[in-house]
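All remarks here apply to the structure that follows.
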Amino acid sequence: MKIGIDKLDFYTSEFYIDMAKLAQARGEDPNKYLIGLGQEKMAAVPPTQDAVTLAANAAAGVLDDGDREQISFVILATESGIDNSKAGAIYVADLLGLKKNIRTLEVKQACYSATAALQLARGYISLHPTEKVLVIASDIARYGLQTKGEPTQGGGAVAILMSAEPRLVAFDADSAFYSENVMDFWRPLGNDTALVDGHYSTNIYLDLLNKTFQDYQAQNGYQLDDFAGFAFHLPFTKQGKKGMQALLAAHASQKAEYFMEMFEVSRQYNKQVGNLYTGSLYLSLLSLLENSSQLQAGDRLGLYSYGSGAVGEFYSVTVQPGFRKWLQKQDHQQLLNYRQEVTITTYEKMFTEAVVDGTDRKLDTTADHARFVLAGVKDHKRVYLSR
Ligand code: HMG
C-alpha cells in the first residue's frame, strides 16, 4: 500500500526583519548572517500568533470537504506548546471546524517530532486506509534578544495531510533512526527561551546524519546518486549545506554539482523565514517540490530530520505522478513576498510581548490580518478568534 503526503501547505507571520539590519543592530558583519548562517529574512511573530493559530492558519487552506470527512486523527508537532496538559491539536481541530469523532494529540521531541508524527500517521493509515491524518508542525523559535542564537530564530507552521492515495510523495519502506541523550539544546520548565550549546549542537546534527544515512544504506544499498535530491532540517540554511557537503565528502557521487544546485532550491523558502523548529524540514521539502524544474515522478528524495536532545532520522520518499498540479506555489510566494518588514525595535517589542504564560491579558489584533488570531488570555484560558 502506498502511504504518504497528499497535501502540503505552510503559514508564517506577515511580518519579518531583514537579517542585514539585525546584524547592523547587533554590531555584526551582515555577511555573517547572510552567508555564514545563510539567512536573508527572519519571521517576526506578533503576540497575536502562537503555535495553535500558526497551525490553524497553515491547515485552513489545505482541506476540502472530502478531507474533512476522512480526517480521523490530528497530530500537532510542537515544542512551543501553550499548555502543559491539554493538546494544542484540540484547539486547532476546533478552529478548523473538523468533525468531533476524531483523535487529537500533541507530540514533542524538539525539531524531530513532526517526523515522529508522520511515521505514527503512516502506521495508523496502514490500519485505516480510507482515513486521513492531519499532521501540523508549528513553532516559534526563541533564543532571546542579543544572544548568539538570535539570528537563528523564526516561526511558522507546515500542514501535512497524510493518506493512502498520496498525490505529492509516497514514503519508501526504509528508514533509519538514532537517539542519544545529549544536552545540545533544551528549554527547562519555566523558560520561555531555549538554552543551547550552539557549536556542539551543529556537530551532533552532523554526527547523527552520518550515522542514520549509513544505517539507511545498510538497509537497501542505495548510493548517493540513486537520489534526485535531499531535504534537511534547516535550523539556519548553512547547517543543511554542511549536511549536504558531509554526505558528498563521505560517499562517492557523480552528481555532486547537481546536488548542490538542488540544495539551493531546497533552502529558498527557509532563507526567508528562519527556523520553524518542527516544520523546517518540511518547509524545505516544499521548497524543493515547488521550485525545482528538474524533479520528475518516480524520483527518490532523501529526508534528514533532526531534533536536539537528540533524535535523528533519515528516510526517503518517492515523487508521485502529477505532483505539480497539487502544489500551491503562487500562494506561497505571495505569502512570502507580501509580508511587511518591521524595524528591529518593533521586532524586539513583539518578542518581549509574546504570550508565554497563562496570565490574563487582552491583545490588540487589528495589525494581524491572519484568519486565526490569539485575542488574549481570560481566566487563564487562551481566547482565539476566527475571522
Ligand atoms: P556564532 O558563534 O555566533 O557564529 O554561533 P560563528 O562564529 O560560528 O559563525 C557562524 C558562521 O558564520 C561560521 O561559518 C563563520 O565562519 C561564518 P562556519 O565556520 O560554521 O561555516 N562567518 C562569516 N561568513 C561570512 N562573512 C562573515 C562571517 N563571519 C562569520 N563576515 C550558532 C552560530 C549557529 C552556533 C548560533 O547561532 C546558535 O547557537 N544557534 C542556535 C543553535 C542551532 O541552530 N544549532 C543547529 C543544530 S541543532 C538543531 O538543528 C536543532 C534545533 O533546530 C532545535 C530543535 O531541535 O528543536 C536548533
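Identifiers in this document derive from the order of the C-alpha cells: chains are assigned A, B, ..., residues are numbered from 1 separately in each chain, and ligands are numbered from 1 in order of occurrence.
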
For ligand 1, return the neighbouring residues as a PyMOL selection string (distance at most 8 Å; only C-alpha atoms and all ligand atoms). chain A and resi 28-37+79+109-112+143+148-153+184-186+196-205+233-236+238-239+242+275-278+306-310

Convert the current residue selection to file output with N, CA and C atoms, as a compact mmCIF listing (two decimals), in the first residue's frame.
```txt
# COMPACT_ATOMS: atom_id res chain seq x y z
N GLU A 28 27.36 43.18 14.18
CA GLU A 28 27.99 42.07 13.44
C GLU A 28 28.12 42.45 11.96
N ASP A 29 29.03 41.79 11.27
CA ASP A 29 29.15 41.95 9.83
C ASP A 29 27.91 41.27 9.19
N PRO A 30 27.14 42.00 8.36
CA PRO A 30 25.94 41.40 7.76
C PRO A 30 26.21 40.05 7.08
N ASN A 31 27.41 39.90 6.50
CA ASN A 31 27.71 38.63 5.82
C ASN A 31 27.78 37.43 6.75
N LYS A 32 27.97 37.70 8.03
CA LYS A 32 27.94 36.58 8.98
C LYS A 32 26.54 35.93 8.96
N TYR A 33 25.52 36.78 8.94
CA TYR A 33 24.15 36.23 8.93
C TYR A 33 23.74 35.77 7.53
N LEU A 34 24.09 36.62 6.52
CA LEU A 34 23.63 36.34 5.15
C LEU A 34 24.34 35.13 4.55
N ILE A 35 25.65 35.06 4.76
CA ILE A 35 26.43 33.96 4.16
C ILE A 35 26.80 32.92 5.22
N GLY A 36 27.33 33.41 6.35
CA GLY A 36 27.79 32.49 7.41
C GLY A 36 26.66 31.62 7.94
N LEU A 37 25.47 32.19 8.09
CA LEU A 37 24.31 31.40 8.55
C LEU A 37 23.36 31.06 7.40
N GLU A 79 7.20 22.27 19.89
CA GLU A 79 7.93 22.45 21.15
C GLU A 79 7.61 23.84 21.69
N GLN A 109 9.42 16.28 20.56
CA GLN A 109 10.83 15.88 20.67
C GLN A 109 11.60 16.89 19.83
N ALA A 110 11.69 18.10 20.36
CA ALA A 110 12.39 19.20 19.68
C ALA A 110 11.97 19.23 18.21
N CYS A 111 12.93 19.46 17.32
CA CYS A 111 12.54 19.63 15.91
C CYS A 111 12.23 18.32 15.21
N TYR A 112 12.40 17.20 15.90
CA TYR A 112 12.17 15.90 15.26
C TYR A 112 10.70 15.50 15.24
N TYR A 143 15.32 32.23 21.18
CA TYR A 143 16.56 32.09 21.95
C TYR A 143 16.78 33.28 22.87
N LYS A 148 23.57 34.63 20.93
CA LYS A 148 24.17 34.06 19.72
C LYS A 148 23.13 33.34 18.87
N GLY A 149 22.12 32.81 19.54
CA GLY A 149 21.08 32.08 18.81
C GLY A 149 20.07 33.00 18.13
N GLU A 150 20.07 34.29 18.50
CA GLU A 150 19.02 35.20 18.00
C GLU A 150 18.86 35.16 16.47
N PRO A 151 19.97 35.21 15.70
CA PRO A 151 19.78 35.22 14.23
C PRO A 151 19.28 33.89 13.68
N THR A 152 19.15 32.88 14.53
CA THR A 152 18.62 31.58 14.05
C THR A 152 17.21 31.34 14.58
N GLN A 153 16.49 32.44 14.90
CA GLN A 153 15.08 32.30 15.29
C GLN A 153 14.20 32.30 14.03
N ASP A 184 22.43 19.44 23.89
CA ASP A 184 22.89 20.41 22.89
C ASP A 184 21.94 21.61 22.82
N PHE A 185 20.68 21.39 23.18
CA PHE A 185 19.65 22.43 23.09
C PHE A 185 18.49 21.92 23.91
N TRP A 186 17.95 22.75 24.80
CA TRP A 186 16.83 22.34 25.63
C TRP A 186 16.14 23.57 26.18
N VAL A 196 21.16 26.66 24.78
CA VAL A 196 21.81 25.94 23.68
C VAL A 196 23.32 25.95 23.81
N ASP A 197 23.92 24.82 23.48
CA ASP A 197 25.37 24.74 23.34
C ASP A 197 25.58 24.72 21.83
N GLY A 198 25.62 25.92 21.24
CA GLY A 198 25.45 26.10 19.80
C GLY A 198 26.36 25.29 18.91
N HIS A 199 27.67 25.42 19.11
CA HIS A 199 28.58 24.72 18.20
C HIS A 199 28.51 23.21 18.40
N TYR A 200 28.33 22.80 19.66
CA TYR A 200 28.15 21.36 19.94
C TYR A 200 26.93 20.84 19.18
N SER A 201 25.84 21.62 19.20
CA SER A 201 24.60 21.17 18.54
C SER A 201 24.82 20.97 17.03
N THR A 202 25.63 21.84 16.44
CA THR A 202 25.84 21.71 14.99
C THR A 202 26.64 20.45 14.67
N ASN A 203 27.52 20.05 15.62
CA ASN A 203 28.29 18.82 15.41
C ASN A 203 27.45 17.57 15.59
N ILE A 204 26.57 17.59 16.62
CA ILE A 204 25.73 16.40 16.85
C ILE A 204 24.79 16.20 15.66
N TYR A 205 24.28 17.30 15.13
CA TYR A 205 23.41 17.24 13.94
C TYR A 205 24.11 16.45 12.83
N HIS A 233 16.68 19.10 7.79
CA HIS A 233 16.22 20.04 8.82
C HIS A 233 17.12 21.27 8.70
N LEU A 234 16.51 22.46 8.62
CA LEU A 234 17.31 23.67 8.42
C LEU A 234 17.10 24.65 9.57
N PRO A 235 17.87 24.50 10.66
CA PRO A 235 17.76 25.46 11.76
C PRO A 235 18.21 26.85 11.29
N PHE A 236 19.16 26.85 10.39
CA PHE A 236 19.59 28.00 9.57
C PHE A 236 20.16 27.30 8.35
N LYS A 238 22.66 27.35 6.34
CA LYS A 238 24.05 26.90 6.21
C LYS A 238 24.24 25.51 6.83
N GLN A 239 23.46 25.19 7.86
CA GLN A 239 23.61 23.88 8.52
C GLN A 239 23.29 22.75 7.54
N LYS A 242 26.08 22.25 5.14
CA LYS A 242 27.14 21.43 5.72
C LYS A 242 26.74 19.95 5.70
N ASN A 275 14.19 29.60 11.37
CA ASN A 275 13.92 28.26 11.90
C ASN A 275 12.45 28.13 12.29
N LEU A 276 11.79 27.12 11.76
CA LEU A 276 10.41 26.80 12.16
C LEU A 276 10.43 25.66 13.16
N TYR A 277 11.61 25.30 13.66
CA TYR A 277 11.78 24.11 14.51
C TYR A 277 11.14 22.90 13.80
N THR A 278 9.99 22.38 14.32
CA THR A 278 9.43 21.13 13.78
C THR A 278 9.12 21.20 12.29
N TYR A 306 16.17 16.16 12.24
CA TYR A 306 16.99 16.19 13.47
C TYR A 306 16.28 16.99 14.54
N GLY A 307 16.26 16.45 15.73
CA GLY A 307 15.72 17.19 16.87
C GLY A 307 16.70 17.09 18.01
N SER A 308 17.09 18.23 18.54
CA SER A 308 18.08 18.25 19.62
C SER A 308 17.66 17.38 20.78
N GLY A 309 18.67 16.93 21.47
CA GLY A 309 18.39 16.15 22.69
C GLY A 309 18.91 14.74 22.78
N ALA A 310 19.02 13.95 21.72
CA ALA A 310 18.80 14.25 20.31
C ALA A 310 18.25 13.01 19.59
```

All strand (DSSP E or B) residues (DSSP, backbone) inside range 114-260 of chain A, as a ChimeraX atom specification: /A:132-141,154-163,169-179,185-186,195-196,229-232

So that I can see what lies close to range 246-253 of chain A, please list as a ChimeraX atom specification the residues with an atom at most 9 Å from it, counting only C-alpha atoms and leaving out residues fewer than 6 positions away in the same chain. /A:206,209-210,213,223-225,259

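Distances to Leu385 in chain A were evaluated for A:Gly274, A:Leu95, A:Asp50, A:Ala354 using only C-alpha atoms, and the minimum falls at A:Leu95.
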
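Non-sequential neighbours of Ser305 in chain A (distance at most 9 Å, separation of 4 or more positions within a chain, only C-alpha atoms) are Cys111, Tyr112, Ser113, Ala114, Thr115, Leu209, Ala231, Phe232, His233, Leu281, Val311, Gly312, Glu313, Phe314 and Tyr315 of chain A.
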
Selected residues written out with C-alpha atoms, as a PDB file, in the first residue's frame:
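The resulting file, result39.pdb, is reproduced below:
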```pdb
ATOM      1  CA  CYS A 111      12.541  19.627  15.906  1.00  0.00           C
ATOM      2  CA  TYR A 112      12.172  15.905  15.259  1.00  0.00           C
ATOM      3  CA  SER A 113       8.560  15.471  16.396  1.00  0.00           C
ATOM      4  CA  ALA A 114       6.894  16.178  13.037  1.00  0.00           C
ATOM      5  CA  THR A 115       8.757  13.207  11.599  1.00  0.00           C
ATOM      6  CA  LEU A 209      23.208  12.487   9.823  1.00  0.00           C
ATOM      7  CA  ALA A 231      15.861  17.955   2.154  1.00  0.00           C
ATOM      8  CA  PHE A 232      17.419  18.640   5.542  1.00  0.00           C
ATOM      9  CA  HIS A 233      16.215  20.043   8.816  1.00  0.00           C
ATOM     10  CA  LEU A 281      12.471  20.072   7.189  1.00  0.00           C
ATOM     11  CA  VAL A 311      16.957  12.151  17.708  1.00  0.00           C
ATOM     12  CA  GLY A 312      17.888  11.868  14.042  1.00  0.00           C
ATOM     13  CA  GLU A 313      16.071  10.029  11.276  1.00  0.00           C
ATOM     14  CA  PHE A 314      16.949   9.564   7.621  1.00  0.00           C
ATOM     15  CA  TYR A 315      14.248   8.265   5.303  1.00  0.00           C
TER      16      TYR A 315
END
```

Wanna dump the range 235-346 of chain A-range 24-27 of chain A contacts at 12 Å for me, each residue with its shortest atom pair and the distance in Å to one decimal, counting only C-alpha atoms, ordered by chain and number, as CSV?
```
residue,atom,partner,partner_atom,distance
A:Thr343,CA,A:Ala25,CA,10.3
A:Ile344,CA,A:Ala25,CA,7.5
A:Thr345,CA,A:Ala25,CA,9.6
```

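Interatomic distance, CA of Lys362 in chain A to CA of Val377 in chain A: 6.5 Å.
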
Shell of 8 Å around Phe10 in chain A, only C-alpha atoms, local chain residues under 2 positions omitted, as a compact mmCIF listing (two decimals) with N, CA and C atoms, in the first residue's frame:
```
# COMPACT_ATOMS: atom_id res chain seq x y z
N LEU A 8 0.37 19.62 1.13
CA LEU A 8 1.38 20.26 1.95
C LEU A 8 1.16 21.77 1.85
N THR A 12 3.33 31.51 7.65
CA THR A 12 4.24 32.21 8.57
C THR A 12 3.65 33.58 8.84
N ALA A 58 -2.03 27.51 8.84
CA ALA A 58 -1.36 26.68 7.83
C ALA A 58 -2.31 25.65 7.24
N ALA A 59 -3.18 25.09 8.08
CA ALA A 59 -4.02 23.98 7.63
C ALA A 59 -5.29 24.44 6.93
N GLY A 156 6.58 29.66 12.29
CA GLY A 156 5.59 29.32 11.26
C GLY A 156 5.16 27.88 11.42
N ALA A 157 4.32 27.44 10.50
CA ALA A 157 3.77 26.09 10.60
C ALA A 157 3.65 25.47 9.22
N VAL A 158 3.79 24.14 9.18
CA VAL A 158 3.60 23.38 7.94
C VAL A 158 2.50 22.35 8.20
N ALA A 159 1.49 22.36 7.34
CA ALA A 159 0.39 21.39 7.47
C ALA A 159 0.60 20.28 6.45
N LEU A 283 9.26 22.48 5.34
CA LEU A 283 9.27 23.69 4.53
C LEU A 283 10.34 23.53 3.43
N HIS A 332 2.23 30.49 -1.98
CA HIS A 332 3.34 30.53 -1.03
C HIS A 332 4.30 31.68 -1.34
```

List the spatial neighbours of Gly322 in chain A as a PDB file with N, CA and C atoms, in the first residue's frame - criterion: any atom at most 10 Å away, only C-alpha atoms, same-chain residues fewer than 3 positions off excluded.
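Output below, filename part.pdb:
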```
ATOM      1  N   ARG A 167      -0.778  12.324  -3.293  1.00  0.00           N
ATOM      2  CA  ARG A 167      -0.579  12.956  -4.608  1.00  0.00           C
ATOM      3  C   ARG A 167       0.790  13.621  -4.743  1.00  0.00           C
ATOM      4  N   LEU A 168       1.499  13.825  -3.626  1.00  0.00           N
ATOM      5  CA  LEU A 168       2.804  14.506  -3.714  1.00  0.00           C
ATOM      6  C   LEU A 168       3.967  13.519  -3.618  1.00  0.00           C
ATOM      7  N   GLN A 296      11.017  14.795 -11.192  1.00  0.00           N
ATOM      8  CA  GLN A 296      10.056  14.033 -12.002  1.00  0.00           C
ATOM      9  C   GLN A 296       9.414  12.942 -11.159  1.00  0.00           C
ATOM     10  N   ALA A 297       8.272  12.484 -11.620  1.00  0.00           N
ATOM     11  CA  ALA A 297       7.606  11.363 -10.944  1.00  0.00           C
ATOM     12  C   ALA A 297       8.575  10.184 -10.884  1.00  0.00           C
ATOM     13  N   VAL A 319       8.597  10.699  -5.421  1.00  0.00           N
ATOM     14  CA  VAL A 319       7.748  11.740  -6.011  1.00  0.00           C
ATOM     15  C   VAL A 319       6.654  11.080  -6.864  1.00  0.00           C
ATOM     16  N   LYS A 325       0.633  19.549 -10.017  1.00  0.00           N
ATOM     17  CA  LYS A 325      -0.754  20.042 -10.079  1.00  0.00           C
ATOM     18  C   LYS A 325      -1.317  20.343  -8.686  1.00  0.00           C
ATOM     19  N   TRP A 326      -0.788  19.690  -7.672  1.00  0.00           N
ATOM     20  CA  TRP A 326      -1.384  19.794  -6.334  1.00  0.00           C
ATOM     21  C   TRP A 326      -0.611  20.742  -5.420  1.00  0.00           C
ATOM     22  N   LEU A 327       0.381  21.426  -5.978  1.00  0.00           N
ATOM     23  CA  LEU A 327       1.164  22.370  -5.170  1.00  0.00           C
ATOM     24  C   LEU A 327       0.579  23.776  -5.299  1.00  0.00           C
TER      25      LEU A 327
END
```

May I ask which of the residues A:Leu335, A:Val317, A:Val133, A:Val373 is the closest one to Ser175 in chain A, counting only C-alpha atoms? A:Val317

Name the residues of range 58-125 of chain A that fall into alpha helix (DSSP H) according to DSSP on the backbone, using the chain letters and numbers of this document, as number ranges by chain. A: 58-60, 65-70, 88-95, 113-125

Shell of 9 Å around Lys41 in chain A, only C-alpha atoms, local chain residues under 6 positions omitted, as a list in words: Tyr16, Ile17, Asp18, Met19, Ala20, Leu34, Gly154, Asn270, Lys271, Gln272, Val273 and Gly274 of chain A

Store the residues of this selection in a file with N, CA and C atoms, as a PDB file, in the first residue's frame.
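Once everything was written out, this is result.pdb:
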```
ATOM      1  N   TYR A  16       8.340  40.494   9.021  1.00  0.00           N
ATOM      2  CA  TYR A  16       9.701  39.931   9.017  1.00  0.00           C
ATOM      3  C   TYR A  16      10.721  41.026   9.297  1.00  0.00           C
ATOM      4  N   ILE A  17      11.929  40.596   9.643  1.00  0.00           N
ATOM      5  CA  ILE A  17      13.038  41.564   9.712  1.00  0.00           C
ATOM      6  C   ILE A  17      14.104  41.157   8.700  1.00  0.00           C
ATOM      7  N   ASP A  18      14.854  42.173   8.291  1.00  0.00           N
ATOM      8  CA  ASP A  18      15.943  41.988   7.344  1.00  0.00           C
ATOM      9  C   ASP A  18      17.186  41.591   8.148  1.00  0.00           C
ATOM     10  N   MET A  19      17.822  40.491   7.757  1.00  0.00           N
ATOM     11  CA  MET A  19      18.944  39.986   8.551  1.00  0.00           C
ATOM     12  C   MET A  19      20.152  40.934   8.539  1.00  0.00           C
ATOM     13  N   ALA A  20      20.322  41.674   7.432  1.00  0.00           N
ATOM     14  CA  ALA A  20      21.452  42.614   7.383  1.00  0.00           C
ATOM     15  C   ALA A  20      21.234  43.712   8.429  1.00  0.00           C
ATOM     16  N   LEU A  34      24.093  36.621   6.520  1.00  0.00           N
ATOM     17  CA  LEU A  34      23.630  36.345   5.148  1.00  0.00           C
ATOM     18  C   LEU A  34      24.336  35.125   4.555  1.00  0.00           C
ATOM     19  N   GLY A 154      12.895  32.297  14.220  1.00  0.00           N
ATOM     20  CA  GLY A 154      11.941  32.298  13.116  1.00  0.00           C
ATOM     21  C   GLY A 154      10.619  31.759  13.632  1.00  0.00           C
ATOM     22  N   ASN A 270      13.229  28.611   3.313  1.00  0.00           N
ATOM     23  CA  ASN A 270      13.754  28.693   4.682  1.00  0.00           C
ATOM     24  C   ASN A 270      14.626  29.935   4.888  1.00  0.00           C
ATOM     25  N   LYS A 271      15.325  30.359   3.839  1.00  0.00           N
ATOM     26  CA  LYS A 271      16.162  31.560   3.925  1.00  0.00           C
ATOM     27  C   LYS A 271      15.343  32.794   4.273  1.00  0.00           C
ATOM     28  N   GLN A 272      14.056  32.747   3.926  1.00  0.00           N
ATOM     29  CA  GLN A 272      13.173  33.905   4.082  1.00  0.00           C
ATOM     30  C   GLN A 272      12.394  33.897   5.399  1.00  0.00           C
ATOM     31  N   VAL A 273      12.468  32.780   6.121  1.00  0.00           N
ATOM     32  CA  VAL A 273      11.601  32.632   7.294  1.00  0.00           C
ATOM     33  C   VAL A 273      12.398  32.378   8.580  1.00  0.00           C
ATOM     34  N   GLY A 274      13.509  31.642   8.462  1.00  0.00           N
ATOM     35  CA  GLY A 274      14.272  31.268   9.649  1.00  0.00           C
ATOM     36  C   GLY A 274      13.890  29.885  10.116  1.00  0.00           C
TER      37      GLY A 274
END
```

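The closest residue to Met260 in chain A, picked from A:Met244, A:Ile71, A:Ile102, A:Leu289 and counting only C-alpha atoms, is A:Met244.
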
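The smallest atom-to-atom distance between Lys329 in chain A and any of A:Ile82, A:Leu288, A:Val92, A:Met42, using only C-alpha atoms, is found for A:Leu288.
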
For range 80-114 of chain A against range 62-67 of chain A, with a cut-off of 12 Å and counting only C-alpha atoms, what is the closest atom pair and its distance in Å to one decimal for every residue that makes the cut, ordered by chain and number, as CSV?
```
residue,atom,partner,partner_atom,distance
A:Ala93,CA,A:Leu63,CA,11.8
A:Leu96,CA,A:Leu63,CA,9.1
A:Gly97,CA,A:Leu63,CA,10.7
A:Leu98,CA,A:Asp67,CA,9.6
A:Lys99,CA,A:Asp67,CA,10.8
```

Store the residues picked out above in a file with C-alpha atoms, as a compact mmCIF listing (two decimals), in the first residue's frame.
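New file result_24.txt:
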```txt
# COMPACT_ATOMS: atom_id res chain seq x y z
CA ALA A 93 -9.28 20.94 15.22
CA LEU A 96 -10.73 24.36 11.67
CA GLY A 97 -14.28 23.15 12.33
CA LEU A 98 -13.32 19.47 11.99
CA LYS A 99 -15.79 16.78 12.96
```
